[in-house]
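J.: Take a look at run_19.cif, mmCIF, C-alpha atoms and all ligand atoms:
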```cif
data_run
loop_
_atom_site.label_atom_id
_atom_site.label_comp_id
_atom_site.auth_asym_id
_atom_site.auth_seq_id
_atom_site.Cartn_x
_atom_site.Cartn_y
_atom_site.Cartn_z
CA MET C 22 -53.94 -91.84 -92.90
CA ARG C 23 -53.46 -91.42 -89.15
CA LYS C 24 -56.56 -92.42 -87.21
CA LYS C 25 -58.28 -89.64 -85.24
CA ARG C 26 -58.40 -90.18 -81.47
CA VAL C 27 -61.98 -90.32 -80.18
CA ALA C 28 -63.48 -90.15 -76.69
CA ILE C 29 -67.06 -91.32 -76.13
CA LEU C 30 -69.17 -89.88 -73.29
CA ILE C 31 -71.92 -92.09 -71.87
CA SER C 32 -74.38 -92.15 -68.98
CA GLY C 33 -76.02 -95.56 -69.29
CA ARG C 34 -76.47 -98.62 -71.47
CA GLY C 35 -73.91 -97.58 -74.06
CA SER C 36 -75.31 -99.36 -77.12
CA ASN C 37 -74.36 -96.45 -79.41
CA MET C 38 -70.89 -96.42 -77.87
CA ALA C 39 -70.66 -100.16 -78.61
CA ALA C 40 -71.70 -99.53 -82.22
CA LEU C 41 -68.91 -96.96 -82.56
CA VAL C 42 -66.38 -99.32 -80.97
CA LYS C 43 -67.38 -102.14 -83.32
CA ALA C 44 -67.14 -99.91 -86.39
CA ALA C 45 -63.72 -98.69 -85.28
CA ARG C 46 -62.41 -102.27 -85.34
CA ALA C 47 -62.29 -102.11 -89.14
CA PRO C 48 -58.72 -101.48 -90.26
CA ASP C 49 -59.81 -98.76 -92.69
CA PHE C 50 -62.00 -96.87 -90.17
CA PRO C 51 -60.48 -93.38 -89.80
CA ALA C 52 -60.90 -93.17 -86.00
CA GLU C 53 -59.83 -95.11 -82.92
CA ILE C 54 -61.63 -95.06 -79.58
CA VAL C 55 -59.15 -93.98 -76.92
CA LEU C 56 -61.49 -93.30 -73.99
CA VAL C 57 -64.99 -94.10 -72.74
CA LEU C 58 -65.97 -91.60 -70.05
CA SER C 59 -69.08 -91.90 -67.89
CA ASN C 60 -70.67 -89.44 -65.47
CA ARG C 61 -72.40 -92.31 -63.67
CA PRO C 62 -70.54 -95.16 -61.95
CA GLU C 63 -73.35 -97.63 -62.65
CA ALA C 64 -73.39 -97.05 -66.43
CA ALA C 65 -73.59 -100.52 -67.97
CA GLY C 66 -71.59 -99.34 -70.97
CA LEU C 67 -68.46 -99.14 -68.81
CA ASP C 68 -68.40 -102.95 -68.57
CA PHE C 69 -68.49 -103.29 -72.34
CA ALA C 70 -65.65 -100.78 -72.75
CA ARG C 71 -63.55 -102.61 -70.15
CA SER C 72 -64.23 -105.94 -71.88
CA GLU C 73 -62.86 -104.36 -75.06
CA SER C 74 -59.76 -103.12 -73.18
CA ILE C 75 -60.66 -99.50 -73.92
CA PRO C 76 -59.48 -97.05 -71.23
CA THR C 77 -62.39 -95.79 -69.13
CA ALA C 78 -62.83 -92.78 -66.88
CA LEU C 79 -65.47 -91.86 -64.35
CA VAL C 80 -66.32 -88.23 -63.61
CA PRO C 81 -69.29 -88.60 -61.24
CA SER C 82 -71.60 -85.66 -61.89
CA LYS C 83 -73.32 -86.23 -58.52
CA ALA C 84 -70.13 -85.27 -56.75
CA TYR C 85 -70.18 -81.85 -58.45
CA GLY C 86 -73.80 -81.00 -57.65
CA LYS C 87 -74.78 -77.83 -59.48
CA ASP C 88 -71.21 -76.79 -60.24
CA ARG C 89 -71.27 -77.49 -63.97
CA ALA C 90 -68.06 -75.58 -64.61
CA ALA C 91 -66.09 -77.78 -62.18
CA PHE C 92 -67.64 -80.93 -63.65
CA ASP C 93 -66.77 -79.87 -67.19
CA ALA C 94 -63.23 -78.95 -66.12
CA ALA C 95 -62.78 -82.44 -64.66
CA MET C 96 -64.03 -83.96 -67.92
CA GLN C 97 -61.77 -81.69 -69.93
CA ALA C 98 -58.79 -82.89 -67.91
CA GLU C 99 -59.64 -86.54 -68.69
CA LEU C 100 -60.12 -85.73 -72.37
CA GLU C 101 -56.77 -83.97 -72.55
CA ARG C 102 -55.05 -86.86 -70.77
CA SER C 103 -56.45 -89.22 -73.41
CA GLY C 104 -55.30 -87.06 -76.31
CA ALA C 105 -58.84 -87.07 -77.74
CA GLU C 106 -59.36 -85.02 -80.88
CA ILE C 107 -63.07 -85.77 -81.31
CA VAL C 108 -65.79 -86.24 -78.67
CA CYS C 109 -68.91 -88.35 -79.29
CA LEU C 110 -71.84 -88.00 -76.90
CA ALA C 111 -73.64 -91.34 -76.79
CA GLY C 112 -76.60 -91.21 -74.43
CA PHE C 113 -74.75 -88.66 -72.28
CA MET C 114 -77.56 -87.18 -70.18
CA ARG C 115 -75.94 -84.08 -68.82
CA LEU C 116 -76.02 -80.51 -70.12
CA LEU C 117 -72.61 -79.07 -70.94
CA THR C 118 -71.48 -75.49 -70.29
CA PRO C 119 -71.24 -73.11 -73.28
CA GLU C 120 -67.48 -72.81 -72.64
CA PHE C 121 -67.00 -76.57 -72.89
CA CYS C 122 -69.10 -76.73 -76.08
CA GLU C 123 -67.21 -73.85 -77.65
CA GLY C 124 -63.86 -75.48 -76.84
CA TRP C 125 -64.93 -78.55 -78.82
CA ALA C 126 -66.83 -76.71 -81.57
CA GLY C 127 -66.78 -78.69 -84.80
CA ARG C 128 -65.19 -81.65 -83.01
CA MET C 129 -68.05 -82.81 -80.76
CA ILE C 130 -71.09 -84.72 -82.05
CA ASN C 131 -74.26 -86.18 -80.55
CA ILE C 132 -76.98 -88.63 -81.48
CA HIS C 133 -80.58 -87.78 -80.66
CA PRO C 134 -83.51 -90.24 -80.88
CA ALA C 135 -85.83 -88.04 -82.99
CA LEU C 136 -85.93 -86.18 -86.27
CA LEU C 137 -84.67 -82.80 -85.06
CA PRO C 138 -85.79 -80.07 -84.73
CA SER C 139 -88.88 -82.04 -83.65
CA PHE C 140 -88.86 -83.62 -80.21
CA LYS C 141 -85.80 -82.13 -78.56
CA GLY C 142 -85.21 -83.32 -75.02
CA LEU C 143 -86.45 -86.46 -73.31
CA ASP C 144 -89.11 -89.16 -73.90
CA THR C 145 -88.98 -88.65 -77.65
CA HIS C 146 -90.68 -91.93 -78.62
CA ALA C 147 -93.63 -91.44 -76.25
CA ARG C 148 -94.07 -87.87 -77.50
CA ALA C 149 -93.91 -88.96 -81.15
CA LEU C 150 -96.66 -91.52 -80.49
CA GLU C 151 -98.75 -88.95 -78.65
CA GLU C 152 -98.44 -86.42 -81.49
CA GLY C 153 -99.42 -89.03 -84.06
CA VAL C 154 -96.50 -88.42 -86.40
CA LYS C 155 -96.19 -91.00 -89.18
CA LEU C 156 -92.41 -90.72 -89.45
CA HIS C 157 -89.96 -90.72 -86.56
CA GLY C 158 -86.24 -91.36 -86.45
CA CYS C 159 -82.86 -90.17 -85.27
CA THR C 160 -80.40 -87.37 -85.93
CA THR C 161 -76.68 -86.86 -85.57
CA HIS C 162 -75.52 -83.28 -85.11
CA PHE C 163 -72.65 -81.09 -84.02
CA VAL C 164 -72.95 -80.03 -80.39
CA THR C 165 -73.50 -76.33 -79.67
CA PRO C 166 -74.50 -74.70 -76.37
CA GLY C 167 -78.25 -74.96 -77.08
CA MET C 168 -79.71 -78.38 -76.24
CA ASP C 169 -80.17 -80.61 -79.33
CA GLU C 170 -79.69 -77.55 -81.54
CA GLY C 171 -76.42 -77.91 -83.45
CA PRO C 172 -76.05 -78.31 -87.22
CA ILE C 173 -77.57 -81.58 -88.43
CA ILE C 174 -75.22 -84.13 -90.00
CA LEU C 175 -77.27 -87.26 -90.79
CA GLN C 176 -80.85 -88.37 -90.19
CA ALA C 177 -82.68 -91.65 -90.61
CA ALA C 178 -86.47 -91.98 -90.65
CA VAL C 179 -88.61 -94.96 -89.68
CA PRO C 180 -92.36 -95.42 -90.11
CA VAL C 181 -94.60 -95.20 -87.04
CA LEU C 182 -96.92 -98.23 -87.16
CA ASP C 183 -100.49 -98.34 -85.82
CA ASP C 184 -99.65 -100.92 -83.17
CA ASP C 185 -96.36 -99.35 -82.09
CA THR C 186 -95.54 -98.96 -78.42
CA GLU C 187 -92.80 -96.76 -77.02
CA ALA C 188 -90.62 -99.89 -76.86
CA SER C 189 -91.26 -101.15 -80.39
CA LEU C 190 -90.81 -97.71 -81.92
CA GLY C 191 -87.70 -97.08 -79.83
CA ALA C 192 -86.17 -100.36 -80.98
CA ARG C 193 -86.77 -99.48 -84.65
CA VAL C 194 -85.15 -96.08 -84.12
CA LEU C 195 -82.22 -97.54 -82.15
CA ALA C 196 -81.31 -99.87 -85.02
CA GLU C 197 -80.99 -96.77 -87.22
CA GLU C 198 -78.96 -94.94 -84.57
CA HIS C 199 -76.46 -97.79 -84.62
CA ARG C 200 -76.16 -97.35 -88.39
CA ILE C 201 -75.90 -93.55 -88.73
CA TYR C 202 -73.67 -92.81 -85.73
CA PRO C 203 -70.66 -94.82 -86.97
CA GLU C 204 -71.24 -93.36 -90.45
CA THR C 205 -71.24 -89.84 -88.98
CA LEU C 206 -68.00 -90.46 -87.10
CA ARG C 207 -66.43 -91.89 -90.24
CA LEU C 208 -67.30 -88.72 -92.18
CA LEU C 209 -66.08 -86.37 -89.44
CA ALA C 210 -62.83 -88.24 -88.81
CA SER C 211 -62.02 -88.29 -92.50
CA GLY C 212 -62.51 -84.51 -92.74
CA ARG C 213 -65.53 -84.77 -95.02
CA LEU C 214 -67.95 -82.52 -93.11
CA ALA C 215 -68.15 -78.81 -93.89
CA ILE C 216 -70.31 -76.58 -91.68
CA GLU C 217 -71.89 -73.67 -93.54
CA GLY C 218 -74.18 -71.74 -91.21
CA ARG C 219 -76.72 -74.28 -89.95
CA ARG C 220 -76.08 -76.64 -92.85
CA VAL C 221 -73.55 -79.44 -92.96
CA LYS C 222 -72.29 -80.50 -96.36
CA ILE C 223 -70.63 -83.81 -97.07
CA THR C 224 -67.58 -83.30 -99.23
CA GLY C 225 -65.30 -85.60 -101.19
C1 LIG K 1 -80.05 -93.33 -77.35
O1 LIG K 1 -81.32 -93.60 -77.89
C2 LIG K 1 -79.63 -91.91 -77.64
O2 LIG K 1 -80.06 -91.46 -78.90
C3 LIG K 1 -80.33 -91.17 -76.54
O3 LIG K 1 -80.19 -91.97 -75.41
C4 LIG K 1 -80.12 -93.33 -75.81
C5 LIG K 1 -78.87 -93.93 -75.20
O4 LIG K 1 -78.81 -95.31 -75.46
N1 LIG K 1 -79.77 -89.87 -76.35
C6 LIG K 1 -80.47 -88.81 -75.97
O5 LIG K 1 -81.65 -88.86 -75.70
C7 LIG K 1 -79.67 -87.52 -75.87
N2 LIG K 1 -80.53 -86.40 -75.88
P1 LIG K 1 -77.41 -96.04 -75.45
O6 LIG K 1 -76.76 -95.70 -74.10
O7 LIG K 1 -77.75 -97.49 -75.55
O8 LIG K 1 -76.60 -95.54 -76.60
#
```
Starting from the file, lay out its structure as structure tokens.
Ligand code: GAR

T.:
Amino acid sequence: MRKKRVAILISGRGSNMAALVKAARAPDFPAEIVLVLSNRPEAAGLDFARSESIPTALVPSKAYGKDRAAFDAAMQAELERSGAEIVCLAGFMRLLTPEFCEGWAGRMINIHPALLPSFKGLDTHARALEEGVKLHGCTTHFVTPGMDEGPIILQAAVPVLDDDTEASLGARVLAEEHRIYPETLRLLASGRLAIEGRRVKITG
């Protein structure tokens, strides 16, 4: 089977991107990473991508100010140049225009550090601790125009312990992110995800 061409969008550390890159090293993984694109020049993940000889691109969101359409058009140009067929958001901290999301509908996925639909947005671990939930976790989902709203693909739950801090809870969640994101990409790239309304079914 031909491997699907994947671009990963990052803004920072890039540990989820690294997990995808490592998974894609396996000969039987159905996707190859053809581009790592960052909206921030200082994103540490860019160094990892370069060390792996993966093509990188920088589309500095600062340079576009509030002009989201121009920023998204610049990203789209990079994605088309790379021949990407699937886009993975991996800690990409920038809202995308509805037009961009619709252009990639069914082919763009995200990982969020909470059990959606709880704790959309930022500071998810601190908010989970504050709310006193006993289970927290992470979610992969298709990207739609609404923030953290698209159909859910996979979730992993972790217990919240009495002595947890934001850091200890975040580390427990991150380990699960690094497990479910490559698994999600594997399912999508092998054509095994069927979207039915808000539900995603795993086929095959
Ligand atoms: C990850 O925890 C990811 O789930 C989260 O940012 C972190 C990026 O870390 N994403 C979001 O909050 C998106 N709403 P990483 O750069 O090491 O992958």

J.: Residues up to 7 Å from ligand LIG 1 (chain K), counting all atoms listed in the file: could you list those as an MDAnalysis selection string?

T.: chainID C and resid 31:38 111:114 132:134 142:143 169 195 198

J.: Find the residue from C:Ala84, C:Ile130, C:Cys159, C:Ile216 that sits nearest to Val179 (chain C); use all atoms listed in the file when measuring.

T.: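 Ranking C:Ala84, C:Ile130, C:Cys159, C:Ile216 by distance to Val179 (chain C), first place goes to C:Cys159.
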
J.: Expressed in Å to a single decimal, how great is the separation between CA of Arg148 (chain C) and CA of Lys83 (chain C)?

T.: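 Separating CA of Arg148 (chain C) from CA of Lys83 (chain C) is a distance of 28.2 Å.
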
J.: Please list as an mmCIF file with C-alpha atoms, in the frame of the given file every residue within 7 Å of region 180-193 of chain C, counting all atoms listed in the file and excluding residues in the same chain fewer than 5 positions away.

T.:
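See result.cif below for the written result:
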```
data_model
loop_
_atom_site.group_PDB
_atom_site.id
_atom_site.type_symbol
_atom_site.label_atom_id
_atom_site.label_comp_id
_atom_site.auth_asym_id
_atom_site.auth_seq_id
_atom_site.Cartn_x
_atom_site.Cartn_y
_atom_site.Cartn_z
ATOM 1 C CA HIS C 146 -90.680 -91.930 -78.620
ATOM 2 C CA ALA C 147 -93.630 -91.440 -76.250
ATOM 3 C CA LYS C 155 -96.190 -91.000 -89.180
ATOM 4 C CA LEU C 156 -92.410 -90.720 -89.450
ATOM 5 C CA HIS C 157 -89.960 -90.720 -86.560
#
```

J.: Could you list as a CSV table (one decimal) with C-alpha atoms, in the coordinates of the input every residue that has an atom within 10 Å of (-80.2, -91.5, -90.0), using the file's coordinates and counting all atoms listed in the file?

T.:
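Writing done, so here's result35.csv:
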```csv
chain,number,residue,atom,x,y,z
C,132,ILE,CA,-77.0,-88.6,-81.5
C,134,PRO,CA,-83.5,-90.2,-80.9
C,135,ALA,CA,-85.8,-88.0,-83.0
C,136,LEU,CA,-85.9,-86.2,-86.3
C,158,GLY,CA,-86.2,-91.4,-86.4
C,159,CYS,CA,-82.9,-90.2,-85.3
C,160,THR,CA,-80.4,-87.4,-85.9
C,161,THR,CA,-76.7,-86.9,-85.6
C,174,ILE,CA,-75.2,-84.1,-90.0
C,175,LEU,CA,-77.3,-87.3,-90.8
C,176,GLN,CA,-80.8,-88.4,-90.2
C,177,ALA,CA,-82.7,-91.6,-90.6
C,178,ALA,CA,-86.5,-92.0,-90.6
C,179,VAL,CA,-88.6,-95.0,-89.7
C,194,VAL,CA,-85.2,-96.1,-84.1
C,196,ALA,CA,-81.3,-99.9,-85.0
C,197,GLU,CA,-81.0,-96.8,-87.2
C,198,GLU,CA,-79.0,-94.9,-84.6
C,199,HIS,CA,-76.5,-97.8,-84.6
C,200,ARG,CA,-76.2,-97.4,-88.4
C,201,ILE,CA,-75.9,-93.6,-88.7
C,202,TYR,CA,-73.7,-92.8,-85.7
C,204,GLU,CA,-71.2,-93.4,-90.4
C,205,THR,CA,-71.2,-89.8,-89.0
```

J.: Given all atoms listed in the file as the basis, pick out the residue of C:Ala70, C:Gly212, C:Arg102, C:Pro172 nearest to Ala40 (chain C).

T.: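 Looking at the shortest contact to Ala40 (chain C), the residue is C:Ala70.
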
J.: CA of Leu67 (chain C) to CA of Ser211 (chain C): how many Å, to one decimal?

T.: 26.8 Å

J.: Considering all atoms listed in the file, can you say which of C:Glu152, C:Asp88, C:Glu99, C:Asp93 comes closest to Pro76 (chain C)?

T.: C:Glu99

J.: Tell me which of C:Ile29, C:Lys24, C:Leu41, C:Pro51 sits closest to Met96 (chain C), counting only C-alpha atoms.

T.: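 Of C:Ile29, C:Lys24, C:Leu41, C:Pro51, the one nearest Met96 (chain C) is C:Ile29, counting only C-alpha atoms.
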
J.: If we count only C-alpha atoms and set the cut-off at 12 Å, which residues sit around Leu100 (chain C), ignoring sequence neighbours fewer than 3 positions away in its own chain? Please answer as a ChimeraX atom specification.

T.: /C:26-30,54-59,76-80,93-97,103-109,121,124-125,129

J.: Set the distance at 9 Å and use only C-alpha atoms: which residues neighbour Leu208 (chain C) once local chain neighbours fewer than 5 positions away are removed? I'd like the list as an mmCIF file with C-alpha atoms, keeping the file's coordinate frame.

T.:
```cif
data_model
loop_
_atom_site.group_PDB
_atom_site.id
_atom_site.type_symbol
_atom_site.label_atom_id
_atom_site.label_comp_id
_atom_site.auth_asym_id
_atom_site.auth_seq_id
_atom_site.Cartn_x
_atom_site.Cartn_y
_atom_site.Cartn_z
ATOM 1 C CA PRO C 51 -60.480 -93.380 -89.800
ATOM 2 C CA PRO C 203 -70.660 -94.820 -86.970
ATOM 3 C CA ARG C 213 -65.530 -84.770 -95.020
ATOM 4 C CA LEU C 214 -67.950 -82.520 -93.110
ATOM 5 C CA ILE C 223 -70.630 -83.810 -97.070
ATOM 6 C CA THR C 224 -67.580 -83.300 -99.230
#
```

J.: So which residues fall inside 9 Å of (-71.4, -70.8, -75.0) if we count all atoms listed in the file? Mind giving them as a PyMOL selection string?

T.: chain C and resi 118-123+165-167

J.: Suppose we keep C-alpha atoms; can you now write the selection as a PDB file, in the frame of the given file?

T.:
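Generated output (result-v7.pdb):
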```
ATOM      1  CA  THR C 118     -71.480 -75.490 -70.290  1.00  0.00           C
ATOM      2  CA  PRO C 119     -71.240 -73.110 -73.280  1.00  0.00           C
ATOM      3  CA  GLU C 120     -67.480 -72.810 -72.640  1.00  0.00           C
ATOM      4  CA  PHE C 121     -67.000 -76.570 -72.890  1.00  0.00           C
ATOM      5  CA  CYS C 122     -69.100 -76.730 -76.080  1.00  0.00           C
ATOM      6  CA  GLU C 123     -67.210 -73.850 -77.650  1.00  0.00           C
ATOM      7  CA  THR C 165     -73.500 -76.330 -79.670  1.00  0.00           C
ATOM      8  CA  PRO C 166     -74.500 -74.700 -76.370  1.00  0.00           C
ATOM      9  CA  GLY C 167     -78.250 -74.960 -77.080  1.00  0.00           C
TER      10      GLY C 167
END
```

J.: So, with all atoms listed in the file as the atoms that count, which of C:Lys25, C:Phe69, C:Glu63, C:Lys222 lies closest to Lys43 (chain C)?

T.: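 Looking only at the distances to Lys43 (chain C), the closest residue turns out to be C:Phe69.
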
J.: Kindly give the distance, in Å, that separates CA of Leu150 (chain C) and CA of Val164 (chain C), rounded to a single decimal.

T.: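 Those two atoms sit 26.3 Å apart.
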